[in-house]
file upload-v5.cif (mmCIF, C-alpha atoms, pLDDT in the B column; chains and numbers go by the auth columns)
data_upload
#
loop_
_atom_site.group_PDB
_atom_site.id
_atom_site.type_symbol
_atom_site.label_atom_id
_atom_site.label_comp_id
_atom_site.label_asym_id
_atom_site.label_seq_id
_atom_site.Cartn_x
_atom_site.Cartn_y
_atom_site.Cartn_z
_atom_site.B_iso_or_equiv
_atom_site.auth_seq_id
_atom_site.auth_asym_id
ATOM 1 C CA GLU A 1 -4.776 9.955 3.463 41.00 1 A
ATOM 2 C CA ILE A 2 -5.943 11.062 6.888 42.00 2 A
ATOM 3 C CA ILE A 3 -5.336 8.116 9.181 42.00 3 A
ATOM 4 C CA ASP A 4 -6.743 9.276 12.496 46.00 4 A
ATOM 5 C CA ASN A 5 -8.218 12.334 14.178 46.00 5 A
ATOM 6 C CA ILE A 6 -7.624 12.474 17.921 46.00 6 A
ATOM 7 C CA LYS A 7 -10.254 14.958 18.999 47.00 7 A
ATOM 8 C CA SER A 8 -9.595 14.796 22.720 49.00 8 A
ATOM 9 C CA ASN A 9 -6.334 16.708 22.521 58.00 9 A
ATOM 10 C CA GLY A 10 -6.765 18.475 19.167 81.00 10 A
ATOM 11 C CA THR A 11 -4.193 16.372 17.319 85.00 11 A
ATOM 12 C CA ILE A 12 -4.429 14.928 13.822 88.00 12 A
ATOM 13 C CA VAL A 13 -2.189 12.164 12.467 91.00 13 A
ATOM 14 C CA LEU A 14 -1.189 12.447 8.791 93.00 14 A
ATOM 15 C CA ASN A 15 0.766 10.275 6.365 92.00 15 A
ATOM 16 C CA SER A 16 3.640 12.446 5.124 93.00 16 A
ATOM 17 C CA ASP A 17 4.295 10.128 2.142 89.00 17 A
ATOM 18 C CA ASP A 18 0.854 10.829 0.715 86.00 18 A
ATOM 19 C CA ASN A 19 0.474 13.194 -2.261 81.00 19 A
ATOM 20 C CA PHE A 20 -2.090 15.254 -0.359 84.00 20 A
ATOM 21 C CA PHE A 21 -0.156 15.532 2.914 91.00 21 A
ATOM 22 C CA HIS A 22 0.547 19.281 2.643 91.00 22 A
ATOM 23 C CA TYR A 23 -3.054 19.972 1.637 89.00 23 A
ATOM 24 C CA HIS A 24 -4.405 18.064 4.647 88.00 24 A
ATOM 25 C CA LYS A 25 -1.853 19.657 6.976 91.00 25 A
ATOM 26 C CA LYS A 26 -2.894 23.129 5.803 91.00 26 A
ATOM 27 C CA ILE A 27 -6.536 22.346 6.598 89.00 27 A
ATOM 28 C CA ALA A 28 -5.559 20.936 10.011 88.00 28 A
ATOM 29 C CA LEU A 29 -3.577 24.043 10.950 88.00 29 A
ATOM 30 C CA LYS A 30 -6.459 26.291 9.878 87.00 30 A
ATOM 31 C CA LYS A 31 -8.640 24.355 12.301 84.00 31 A
ATOM 32 C CA LYS A 32 -5.976 24.895 14.978 85.00 32 A
ATOM 33 C CA LEU A 33 -5.144 21.195 15.191 87.00 33 A
ATOM 34 C CA LYS A 34 -1.692 19.908 16.037 88.00 34 A
ATOM 35 C CA ALA A 35 -0.505 17.858 13.009 91.00 35 A
ATOM 36 C CA LEU A 36 1.779 14.885 13.699 94.00 36 A
ATOM 37 C CA SER A 37 3.198 13.071 10.672 95.00 37 A
ATOM 38 C CA PHE A 38 4.441 9.560 10.004 96.00 38 A
ATOM 39 C CA GLY A 39 6.163 8.119 6.957 94.00 39 A
ATOM 40 C CA ILE A 40 8.695 5.848 5.330 93.00 40 A
ATOM 41 C CA GLN A 41 10.107 8.099 2.599 89.00 41 A
ATOM 42 C CA ASN A 42 9.724 11.533 4.179 91.00 42 A
ATOM 43 C CA LYS A 43 12.784 12.211 6.368 87.00 43 A
ATOM 44 C CA ASN A 44 11.042 15.036 8.226 91.00 44 A
ATOM 45 C CA SER A 45 8.258 12.862 9.605 95.00 45 A
ATOM 46 C CA PHE A 46 7.525 13.013 13.338 96.00 46 A
ATOM 47 C CA THR A 47 7.451 9.191 13.256 97.00 47 A
ATOM 48 C CA LYS A 48 9.852 7.654 10.737 96.00 48 A
ATOM 49 C CA LEU A 49 10.850 4.113 9.798 96.00 49 A
ATOM 50 C CA ILE A 50 14.647 4.012 10.032 95.00 50 A
ATOM 51 C CA LYS A 51 15.365 0.414 9.141 93.00 51 A
ATOM 52 C CA ILE A 52 13.911 -3.075 8.945 92.00 52 A
ATOM 53 C CA LYS A 53 16.411 -5.685 10.079 88.00 53 A
ATOM 54 C CA LYS A 54 16.719 -9.140 8.560 76.00 54 A
ATOM 55 C CA LYS A 55 13.961 -11.625 9.305 77.00 55 A
ATOM 56 C CA VAL A 56 14.719 -13.761 12.372 78.00 56 A
ATOM 57 C CA LYS A 57 12.398 -16.575 13.512 80.00 57 A
ATOM 58 C CA ASP A 58 9.396 -15.395 11.460 81.00 58 A
ATOM 59 C CA LYS A 59 9.565 -11.781 12.558 90.00 59 A
ATOM 60 C CA TYR A 60 11.163 -8.529 11.462 91.00 60 A
ATOM 61 C CA GLU A 61 12.729 -5.983 13.786 93.00 61 A
ATOM 62 C CA MET A 62 11.842 -2.387 12.933 94.00 62 A
ATOM 63 C CA LEU A 63 13.841 0.600 14.119 96.00 63 A
ATOM 64 C CA ILE A 64 11.483 3.567 14.369 96.00 64 A
ATOM 65 C CA LYS A 65 12.328 7.144 15.270 97.00 65 A
ATOM 66 C CA ILE A 66 9.602 9.074 17.110 96.00 66 A
ATOM 67 C CA ASN A 67 10.277 12.712 17.948 94.00 67 A
ATOM 68 C CA ASN A 68 14.058 12.150 17.650 91.00 68 A
ATOM 69 C CA SER A 69 14.126 9.073 19.908 95.00 69 A
ATOM 70 C CA THR A 70 14.631 5.600 18.392 96.00 70 A
ATOM 71 C CA TYR A 71 12.599 2.538 19.429 96.00 71 A
ATOM 72 C CA SER A 72 12.555 -1.116 18.409 95.00 72 A
ATOM 73 C CA PHE A 73 9.386 -3.103 17.584 95.00 73 A
ATOM 74 C CA TYR A 74 8.698 -6.437 15.904 94.00 74 A
ATOM 75 C CA SER A 75 6.401 -7.169 12.958 92.00 75 A
ATOM 76 C CA ASN A 76 5.404 -10.517 11.431 86.00 76 A
ATOM 77 C CA ASN A 77 5.821 -9.131 7.880 83.00 77 A
ATOM 78 C CA ASP A 78 7.411 -6.275 5.961 84.00 78 A
ATOM 79 C CA ASN A 79 4.295 -5.376 3.961 81.00 79 A
ATOM 80 C CA LYS A 80 4.299 -1.592 3.556 82.00 80 A
ATOM 81 C CA ASN A 81 0.610 -1.268 4.420 80.00 81 A
ATOM 82 C CA ASN A 82 1.342 -3.047 7.685 85.00 82 A
ATOM 83 C CA ILE A 83 4.326 -0.747 8.374 90.00 83 A
ATOM 84 C CA TYR A 84 2.217 2.362 7.696 90.00 84 A
ATOM 85 C CA ASN A 85 -0.451 1.122 10.122 88.00 85 A
ATOM 86 C CA ILE A 86 2.182 0.561 12.804 93.00 86 A
ATOM 87 C CA LEU A 87 3.699 4.022 12.267 96.00 87 A
ATOM 88 C CA ALA A 88 0.254 5.642 12.401 93.00 88 A
ATOM 89 C CA SER A 89 -0.619 3.770 15.614 93.00 89 A
ATOM 90 C CA LEU A 90 2.616 4.768 17.329 96.00 90 A
ATOM 91 C CA THR A 91 2.143 8.409 16.322 95.00 91 A
ATOM 92 C CA ALA A 92 -1.347 8.406 17.800 91.00 92 A
ATOM 93 C CA LEU A 93 -0.227 6.601 20.968 92.00 93 A
ATOM 94 C CA TYR A 94 2.577 9.116 21.540 91.00 94 A
ATOM 95 C CA SER A 95 0.007 11.705 22.632 83.00 95 A
ATOM 96 C CA PHE A 96 -1.283 9.454 25.416 86.00 96 A
ATOM 97 C CA LEU A 97 1.510 7.302 26.845 90.00 97 A
ATOM 98 C CA ASP A 98 5.228 6.704 27.150 93.00 98 A
ATOM 99 C CA ILE A 99 6.307 4.751 24.046 95.00 99 A
ATOM 100 C CA LYS A 100 9.216 3.211 26.000 93.00 100 A
ATOM 101 C CA LYS A 101 6.719 1.269 28.092 93.00 101 A
ATOM 102 C CA LEU A 102 5.215 -0.541 25.072 94.00 102 A
ATOM 103 C CA ASN A 103 6.101 -4.208 24.587 94.00 103 A
ATOM 104 C CA LYS A 104 8.299 -4.738 21.500 93.00 104 A
ATOM 105 C CA ASN A 105 6.006 -7.591 20.407 93.00 105 A
ATOM 106 C CA ILE A 106 2.807 -5.522 20.563 93.00 106 A
ATOM 107 C CA PHE A 107 2.298 -5.573 16.761 93.00 107 A
ATOM 108 C CA LEU A 108 3.064 -9.240 16.108 90.00 108 A
ATOM 109 C CA ASN A 109 -0.605 -10.274 16.191 82.00 109 A
ATOM 110 C CA PHE A 110 -1.774 -7.398 13.991 77.00 110 A
ATOM 111 C CA LYS A 111 -3.719 -8.567 10.930 72.00 111 A
ATOM 112 C CA LEU A 112 -4.069 -6.575 7.724 68.00 112 A
ATOM 113 C CA PRO A 113 -7.628 -5.525 6.802 69.00 113 A
ATOM 114 C CA LEU A 114 -9.292 -7.570 4.070 72.00 114 A
ATOM 115 C CA GLY A 115 -8.354 -6.140 0.694 70.00 115 A
ATOM 116 C CA ARG A 116 -4.953 -4.878 1.821 71.00 116 A
ATOM 117 C CA GLY A 117 -2.611 -7.568 0.547 73.00 117 A
ATOM 118 C CA ASP A 118 -4.304 -10.791 1.679 78.00 118 A
ATOM 119 C CA ILE A 119 -3.362 -13.780 -0.520 82.00 119 A
ATOM 120 C CA SER A 120 -5.651 -16.666 -1.455 86.00 120 A
ATOM 121 C CA LYS A 121 -4.838 -19.784 -3.439 89.00 121 A
ATOM 122 C CA LEU A 122 -7.797 -20.543 -5.700 89.00 122 A
ATOM 123 C CA LYS A 123 -8.477 -23.745 -7.631 90.00 123 A
ATOM 124 C CA ILE A 124 -10.164 -22.845 -10.928 87.00 124 A
ATOM 125 C CA LYS A 125 -10.695 -25.352 -13.733 84.00 125 A
ATOM 126 C CA GLY A 126 -7.871 -27.574 -12.584 87.00 126 A
ATOM 127 C CA LYS A 127 -5.276 -24.815 -12.078 92.00 127 A
ATOM 128 C CA ASN A 128 -4.047 -22.933 -9.020 93.00 128 A
ATOM 129 C CA ILE A 129 -4.240 -19.138 -9.065 92.00 129 A
ATOM 130 C CA ASN A 130 -2.503 -16.952 -6.461 92.00 130 A
ATOM 131 C CA LEU A 131 -5.015 -14.155 -5.904 92.00 131 A
ATOM 132 C CA ILE A 132 -3.726 -11.040 -4.121 90.00 132 A
ATOM 133 C CA ASP A 133 -6.482 -8.688 -2.971 89.00 133 A
ATOM 134 C CA GLU A 134 -5.469 -5.009 -2.734 86.00 134 A
ATOM 135 C CA SER A 135 -8.915 -3.569 -3.438 82.00 135 A
ATOM 136 C CA TYR A 136 -9.690 -1.915 -0.088 77.00 136 A
ATOM 137 C CA ASN A 137 -10.125 1.879 -0.322 72.00 137 A
ATOM 138 C CA SER A 138 -7.903 2.331 -3.373 79.00 138 A
ATOM 139 C CA ASN A 139 -5.992 5.617 -3.569 83.00 139 A
ATOM 140 C CA PRO A 140 -2.696 6.761 -5.169 86.00 140 A
ATOM 141 C CA LEU A 141 -0.546 5.822 -2.174 82.00 141 A
ATOM 142 C CA SER A 142 -2.199 2.460 -1.460 84.00 142 A
ATOM 143 C CA VAL A 143 -1.896 1.436 -5.129 89.00 143 A
ATOM 144 C CA LYS A 144 1.788 2.414 -5.176 87.00 144 A
ATOM 145 C CA VAL A 145 2.393 0.329 -2.053 85.00 145 A
ATOM 146 C CA ALA A 146 0.442 -2.586 -3.572 89.00 146 A
ATOM 147 C CA LEU A 147 2.634 -2.432 -6.697 91.00 147 A
ATOM 148 C CA GLU A 148 5.817 -2.443 -4.594 87.00 148 A
ATOM 149 C CA ASN A 149 4.599 -5.453 -2.610 86.00 149 A
ATOM 150 C CA PHE A 150 3.610 -7.299 -5.808 90.00 150 A
ATOM 151 C CA ASP A 151 6.971 -6.497 -7.376 89.00 151 A
ATOM 152 C CA LYS A 152 8.816 -8.170 -4.480 83.00 152 A
ATOM 153 C CA ILE A 153 7.228 -11.563 -5.145 83.00 153 A
ATOM 154 C CA PHE A 154 9.703 -13.937 -6.771 76.00 154 A
ATOM 155 C CA LYS A 155 7.790 -15.520 -9.633 72.00 155 A
ATOM 156 C CA LYS A 156 10.230 -18.139 -11.072 77.00 156 A
ATOM 157 C CA LYS A 157 8.514 -19.294 -14.297 84.00 157 A
ATOM 158 C CA ASN A 158 5.083 -17.981 -13.368 90.00 158 A
ATOM 159 C CA LYS A 159 3.608 -14.703 -14.606 93.00 159 A
ATOM 160 C CA LYS A 160 2.102 -11.744 -12.788 94.00 160 A
ATOM 161 C CA TYR A 161 -1.159 -10.202 -13.957 95.00 161 A
ATOM 162 C CA LEU A 162 -2.687 -6.990 -12.656 95.00 162 A
ATOM 163 C CA ILE A 163 -6.314 -5.857 -12.864 95.00 163 A
ATOM 164 C CA LEU A 164 -6.989 -2.217 -12.006 93.00 164 A
ATOM 165 C CA GLY A 165 -10.222 -0.301 -11.536 92.00 165 A
ATOM 166 C CA ASP A 166 -10.781 3.425 -11.036 92.00 166 A
ATOM 167 C CA MET A 167 -9.427 5.310 -8.041 88.00 167 A
ATOM 168 C CA LEU A 168 -12.434 7.322 -6.919 87.00 168 A
ATOM 169 C CA GLU A 169 -13.003 10.661 -5.169 84.00 169 A
ATOM 170 C CA LEU A 170 -9.875 12.345 -6.575 85.00 170 A
ATOM 171 C CA GLY A 171 -11.822 15.264 -8.054 87.00 171 A
ATOM 172 C CA LYS A 172 -9.775 17.550 -10.301 88.00 172 A
ATOM 173 C CA HIS A 173 -6.663 15.474 -9.568 88.00 173 A
ATOM 174 C CA SER A 174 -8.140 12.292 -11.085 90.00 174 A
ATOM 175 C CA VAL A 175 -6.672 12.485 -14.611 91.00 175 A
ATOM 176 C CA ASN A 176 -3.172 13.363 -13.427 91.00 176 A
ATOM 177 C CA GLN A 177 -3.109 10.770 -10.633 91.00 177 A
ATOM 178 C CA HIS A 178 -4.202 8.007 -13.022 92.00 178 A
ATOM 179 C CA LYS A 179 -1.511 9.032 -15.515 92.00 179 A
ATOM 180 C CA LEU A 180 1.158 9.060 -12.799 90.00 180 A
ATOM 181 C CA LEU A 181 0.195 5.515 -11.854 93.00 181 A
ATOM 182 C CA SER A 182 1.460 4.219 -15.206 94.00 182 A
ATOM 183 C CA LYS A 183 4.995 5.388 -14.333 93.00 183 A
ATOM 184 C CA GLU A 184 4.958 3.240 -11.205 93.00 184 A
ATOM 185 C CA ILE A 185 3.685 0.200 -13.100 96.00 185 A
ATOM 186 C CA ASN A 186 6.279 0.569 -15.858 96.00 186 A
ATOM 187 C CA LYS A 187 9.053 0.199 -13.258 94.00 187 A
ATOM 188 C CA THR A 188 7.766 -3.193 -12.057 94.00 188 A
ATOM 189 C CA ASN A 189 8.239 -6.756 -13.317 93.00 189 A
ATOM 190 C CA ILE A 190 4.474 -7.226 -13.757 94.00 190 A
ATOM 191 C CA ASN A 191 3.817 -9.025 -17.046 94.00 191 A
ATOM 192 C CA LYS A 192 0.398 -7.796 -18.160 95.00 192 A
ATOM 193 C CA VAL A 193 -2.020 -5.124 -16.966 96.00 193 A
ATOM 194 C CA TYR A 194 -5.780 -5.195 -17.517 96.00 194 A
ATOM 195 C CA VAL A 195 -8.094 -2.318 -16.653 95.00 195 A
ATOM 196 C CA ILE A 196 -11.802 -1.832 -16.190 94.00 196 A
ATOM 197 C CA GLY A 197 -13.348 1.607 -15.656 92.00 197 A
ATOM 198 C CA LYS A 198 -13.441 5.143 -17.004 91.00 198 A
ATOM 199 C CA HIS A 199 -10.455 6.920 -15.417 92.00 199 A
ATOM 200 C CA ILE A 200 -8.091 3.956 -15.354 94.00 200 A
ATOM 201 C CA LYS A 201 -7.911 4.071 -19.170 94.00 201 A
ATOM 202 C CA LYS A 202 -5.529 7.047 -18.693 93.00 202 A
ATOM 203 C CA THR A 203 -3.196 4.661 -16.878 94.00 203 A
ATOM 204 C CA PHE A 204 -3.481 2.011 -19.585 96.00 204 A
ATOM 205 C CA THR A 205 -2.697 4.497 -22.389 95.00 205 A
ATOM 206 C CA ASN A 206 0.655 5.408 -20.829 94.00 206 A
ATOM 207 C CA LEU A 207 1.866 1.861 -20.139 96.00 207 A
ATOM 208 C CA LYS A 208 4.807 0.318 -21.948 96.00 208 A
ATOM 209 C CA PRO A 209 3.508 -1.708 -24.956 96.00 209 A
ATOM 210 C CA ASN A 210 4.816 -5.007 -23.543 96.00 210 A
ATOM 211 C CA LYS A 211 2.795 -4.513 -20.339 96.00 211 A
ATOM 212 C CA LYS A 212 -0.539 -3.741 -22.003 96.00 212 A
ATOM 213 C CA GLY A 213 -3.102 -6.494 -21.618 94.00 213 A
ATOM 214 C CA LYS A 214 -6.629 -5.375 -22.444 93.00 214 A
ATOM 215 C CA ILE A 215 -9.296 -2.844 -21.519 94.00 215 A
ATOM 216 C CA LEU A 216 -12.071 -5.010 -20.084 94.00 216 A
ATOM 217 C CA PRO A 217 -15.573 -3.764 -20.966 91.00 217 A
ATOM 218 C CA LYS A 218 -17.474 -5.696 -18.266 88.00 218 A
ATOM 219 C CA ASN A 219 -16.774 -7.257 -14.867 86.00 219 A
ATOM 220 C CA PHE A 220 -17.527 -10.767 -16.131 85.00 220 A
ATOM 221 C CA ASN A 221 -14.595 -10.465 -18.572 89.00 221 A
ATOM 222 C CA ILE A 222 -12.356 -11.005 -15.537 88.00 222 A
ATOM 223 C CA ILE A 223 -13.601 -14.611 -15.412 88.00 223 A
ATOM 224 C CA ASN A 224 -12.676 -15.076 -19.075 89.00 224 A
ATOM 225 C CA LEU A 225 -9.223 -13.649 -18.342 89.00 225 A
ATOM 226 C CA ILE A 226 -8.668 -16.137 -15.514 89.00 226 A
ATOM 227 C CA ASN A 227 -9.956 -19.082 -17.556 89.00 227 A
ATOM 228 C CA ASP A 228 -8.171 -18.282 -20.821 89.00 228 A
ATOM 229 C CA ASP A 229 -4.977 -16.333 -20.062 90.00 229 A
ATOM 230 C CA LEU A 230 -3.731 -17.386 -16.634 91.00 230 A
ATOM 231 C CA LYS A 231 -1.678 -20.566 -16.280 92.00 231 A
ATOM 232 C CA ASN A 232 -1.164 -22.827 -13.276 93.00 232 A
ATOM 233 C CA ASN A 233 0.369 -20.966 -10.280 93.00 233 A
ATOM 234 C CA ASP A 234 0.264 -17.547 -11.950 94.00 234 A
ATOM 235 C CA TYR A 235 -0.350 -14.449 -9.807 94.00 235 A
ATOM 236 C CA LEU A 236 -3.299 -12.081 -10.114 95.00 236 A
#

call {"tool": "encode", "arguments": {"input": "upload-v5.cif", "output": "structure tokens"}}
result
Amino acid sequence: EIIDNIKSNGTIVLNSDDNFFHYHKKIALKKKLKALSFGIQNKNSFTKLIKIKKKVKDKYEMLIKINNSTYSFYSNNDNKNNIYNILASLTALYSFLDIKKLNKNIFLNFKLPLGRGDISKLKIKGKNINLIDESYNSNPLSVKVALENFDKIFKKKNKKYLILGDMLELGKHSVNQHKLLSKEINKTNINKVYVIGKHIKKTFTNLKPNKKGKILPKNFNIINLINDDLKNNDYL
């Protein structure tokens, strides 16, 4: 996923954890752009998350290495989408200013975009439903991150339900990427998975039997799912 293109100095910022990182980097180099990378998993990233320290007073301290120098910044959550945004921002800022001069609290007021992990508590027919919206610009990496975030939620006696639609604009990679998604889901503690769409059926087919919910034919079937299957304080 290409995060930012800094045209003024011919630099492009790329997520090195993304499946298409090398493809995008190849294009960038052909266009004679300087490619700077950021990531959490990839150890060779220009900007790399080293560690997130324990939460203290509603904030997390992040140790981040940028071009072999380590810096400390605070975040109000450890949501991976938030961390990726911070890493991307720091990589872009590196081309314009001295990172050492940035305030450690600069990212504390950052808010996630709608559809990237925001949680709502809905009251439907006398029961509370914890709705987690991860629908913004769905792609293989963002879905993987959404699954990891969902997996971290401690559910006690309540169940976790997942509804997935198609990941679009994947071209010839679509079938394979949807199949790969099932492997990520099978590793989670999500109880049931429901799908709606053409390509996402490839994901559903490869799920463990105990995780298979239903293939939903129409959007309005989601309402029936909420009314009939979800119990009080379940997660969707």

call {"tool": "residues_around", "arguments": {"input": "upload-v5.cif", "residues": "Tyr194 (chain A)", "least_positions_apart": "5", "cutoff": "6 Å", "atoms": "all atoms listed in the file", "output": "list in words"}}
result
Ile163, Gly213, Lys214 and Ile215 of chain A

call {"tool": "resolve_selection", "arguments": {"input": "upload-v5.cif", "expression": "the PyMOL selection byres ((chain A and resi 65) around 12)", "output": "number ranges by chain"}}
result
A: 37-40, 43-51, 62-64, 66-73, 87, 90-91, 94, 99-100

call {"tool": "resolve_selection", "arguments": {"input": "upload-v5.cif", "expression": "the PyMOL selection byres ((chain A and resi 190) around 10)", "output": "count of residues only"}}
result
19

call {"tool": "atom_distance", "arguments": {"input": "upload-v5.cif", "atom1": "CA of Asn139 (chain A)", "atom2": "CA of Gln177 (chain A)"}}
result
9.2 Å

call {"tool": "closest_residue", "arguments": {"input": "upload-v5.cif", "among": "A:Thr205, A:Val195, A:Lys30, A:Lys53", "to": "Asn221 (chain A)", "atoms": "all atoms listed in the file"}}
result
A:Val195

call {"tool": "atom_distance", "arguments": {"input": "upload-v5.cif", "atom1": "CA of Thr203 (chain A)", "atom2": "CA of Leu180 (chain A)"}}
result
7.4 Å

call {"tool": "resolve_selection", "arguments": {"input": "upload-v5.cif", "expression": "the PyMOL selection byres ((chain A and resi 108) around 9)", "output": "PyMOL selection string"}}
result
chain A and resi 59+73-77+104-107+109-111

call {"tool": "closest_residue", "arguments": {"input": "upload-v5.cif", "among": "A:Leu170, A:Leu36, A:Leu29, A:Ile124", "to": "Ile223 (chain A)", "atoms": "all atoms listed in the file"}}
result
A:Ile124

call {"tool": "closest_residue", "arguments": {"input": "upload-v5.cif", "among": "A:Lys157, A:Lys144, A:Lys218, A:Lys101", "to": "Asp17 (chain A)", "atoms": "all atoms listed in the file"}}
result
A:Lys144

call {"tool": "closest_residue", "arguments": {"input": "upload-v5.cif", "among": "A:Lys198, A:Gly126, A:Leu164, A:Asn227", "to": "Lys212 (chain A)", "atoms": "all atoms listed in the file"}}
result
A:Leu164

call {"tool": "atom_distance", "arguments": {"input": "upload-v5.cif", "atom1": "CA of Asn19 (chain A)", "atom2": "CA of Glu61 (chain A)"}}
result
27.8 Å

call {"tool": "closest_residue", "arguments": {"input": "upload-v5.cif", "among": "A:Tyr60, A:Glu184, A:Val175, A:Leu168", "to": "Ile83 (chain A)", "atoms": "only C-alpha atoms"}}
result
A:Tyr60

call {"tool": "residues_around", "arguments": {"input": "upload-v5.cif", "residues": "Glu169 (chain A)", "least_positions_apart": "2", "cutoff": "12 Å", "atoms": "all atoms listed in the file", "output": "short mmCIF file (atom, residue, chain, number, x, y, z; two decimals) with C-alpha atoms, in the coordinates of the input"}}
result
data_model
loop_
_atom_site.label_atom_id
_atom_site.label_comp_id
_atom_site.auth_asym_id
_atom_site.auth_seq_id
_atom_site.Cartn_x
_atom_site.Cartn_y
_atom_site.Cartn_z
CA GLU A 1 -4.78 9.96 3.46
CA ASN A 137 -10.12 1.88 -0.32
CA SER A 138 -7.90 2.33 -3.37
CA ASN A 139 -5.99 5.62 -3.57
CA PRO A 140 -2.70 6.76 -5.17
CA ASP A 166 -10.78 3.42 -11.04
CA MET A 167 -9.43 5.31 -8.04
CA GLY A 171 -11.82 15.26 -8.05
CA LYS A 172 -9.78 17.55 -10.30
CA HIS A 173 -6.66 15.47 -9.57
CA SER A 174 -8.14 12.29 -11.08
CA VAL A 175 -6.67 12.48 -14.61
CA GLN A 177 -3.11 10.77 -10.63
CA HIS A 199 -10.46 6.92 -15.42
#

call {"tool": "closest_residue", "arguments": {"input": "upload-v5.cif", "among": "A:Leu207, A:Ala92, A:Ile52, A:Leu181", "to": "Ala35 (chain A)", "atoms": "all atoms listed in the file"}}
result
A:Ala92

call {"tool": "residues_around", "arguments": {"input": "upload-v5.cif", "residues": "Gly165 (chain A)", "least_positions_apart": "5", "cutoff": "8 Å", "atoms": "all atoms listed in the file", "output": "list in words"}}
result
Val195, Ile196, Gly197 and Ile200 of chain A

call {"tool": "residues_near_point", "arguments": {"input": "upload-v5.cif", "point": "(-1.1, -22.4, -7.0)", "cutoff": "8 Å", "atoms": "all atoms listed in the file", "output": "list in words"}}
result
Lys121, Leu122, Lys123, Lys127, Asn128, Ile129, Asn130, Asn232, Asn233 and Asp234 of chain A

call {"tool": "residues_around", "arguments": {"input": "upload-v5.cif", "residues": "region 32-34 of chain A", "least_positions_apart": "3", "cutoff": "7 Å", "atoms": "only C-alpha atoms", "output": "number ranges by chain"}}
result
A: 10-12, 28-29

call {"tool": "build_atoms", "arguments": {"input": "upload-v5.cif", "residues": "region 63-77 of chain A", "atoms": "N, CA and C atoms", "output": "short mmCIF file (atom, residue, chain, number, x, y, z; two decimals), keeping the file's coordinate frame"}}
result
data_model
loop_
_atom_site.label_atom_id
_atom_site.label_comp_id
_atom_site.auth_asym_id
_atom_site.auth_seq_id
_atom_site.Cartn_x
_atom_site.Cartn_y
_atom_site.Cartn_z
N LEU A 63 13.32 -0.53 13.35
CA LEU A 63 13.84 0.60 14.12
C LEU A 63 13.06 1.83 13.70
N ILE A 64 12.39 2.46 14.65
CA ILE A 64 11.48 3.57 14.37
C ILE A 64 11.85 4.78 15.21
N LYS A 65 12.01 5.90 14.56
CA LYS A 65 12.33 7.14 15.27
C LYS A 65 11.04 7.92 15.49
N ILE A 66 10.78 8.28 16.75
CA ILE A 66 9.60 9.07 17.11
C ILE A 66 10.08 10.30 17.88
N ASN A 67 9.86 11.46 17.30
CA ASN A 67 10.28 12.71 17.95
C ASN A 67 11.74 12.65 18.38
N ASN A 68 12.60 12.19 17.47
CA ASN A 68 14.06 12.15 17.65
C ASN A 68 14.57 11.09 18.63
N SER A 69 13.68 10.22 19.10
CA SER A 69 14.13 9.07 19.91
C SER A 69 13.84 7.79 19.12
N THR A 70 14.77 6.82 19.18
CA THR A 70 14.63 5.60 18.39
C THR A 70 14.16 4.43 19.26
N TYR A 71 13.19 3.68 18.72
CA TYR A 71 12.60 2.54 19.43
C TYR A 71 12.64 1.31 18.53
N SER A 72 12.54 0.15 19.14
CA SER A 72 12.56 -1.12 18.41
C SER A 72 11.24 -1.86 18.62
N PHE A 73 10.61 -2.30 17.51
CA PHE A 73 9.39 -3.10 17.58
C PHE A 73 9.48 -4.24 16.56
N TYR A 74 8.70 -5.29 16.81
CA TYR A 74 8.70 -6.44 15.90
C TYR A 74 7.41 -6.47 15.08
N SER A 75 7.55 -6.97 13.85
CA SER A 75 6.40 -7.17 12.96
C SER A 75 6.50 -8.55 12.34
N ASN A 76 5.35 -9.18 12.03
CA ASN A 76 5.40 -10.52 11.43
C ASN A 76 5.54 -10.47 9.91
N ASN A 77 5.57 -9.25 9.32
CA ASN A 77 5.82 -9.13 7.88
C ASN A 77 6.37 -7.74 7.58
#
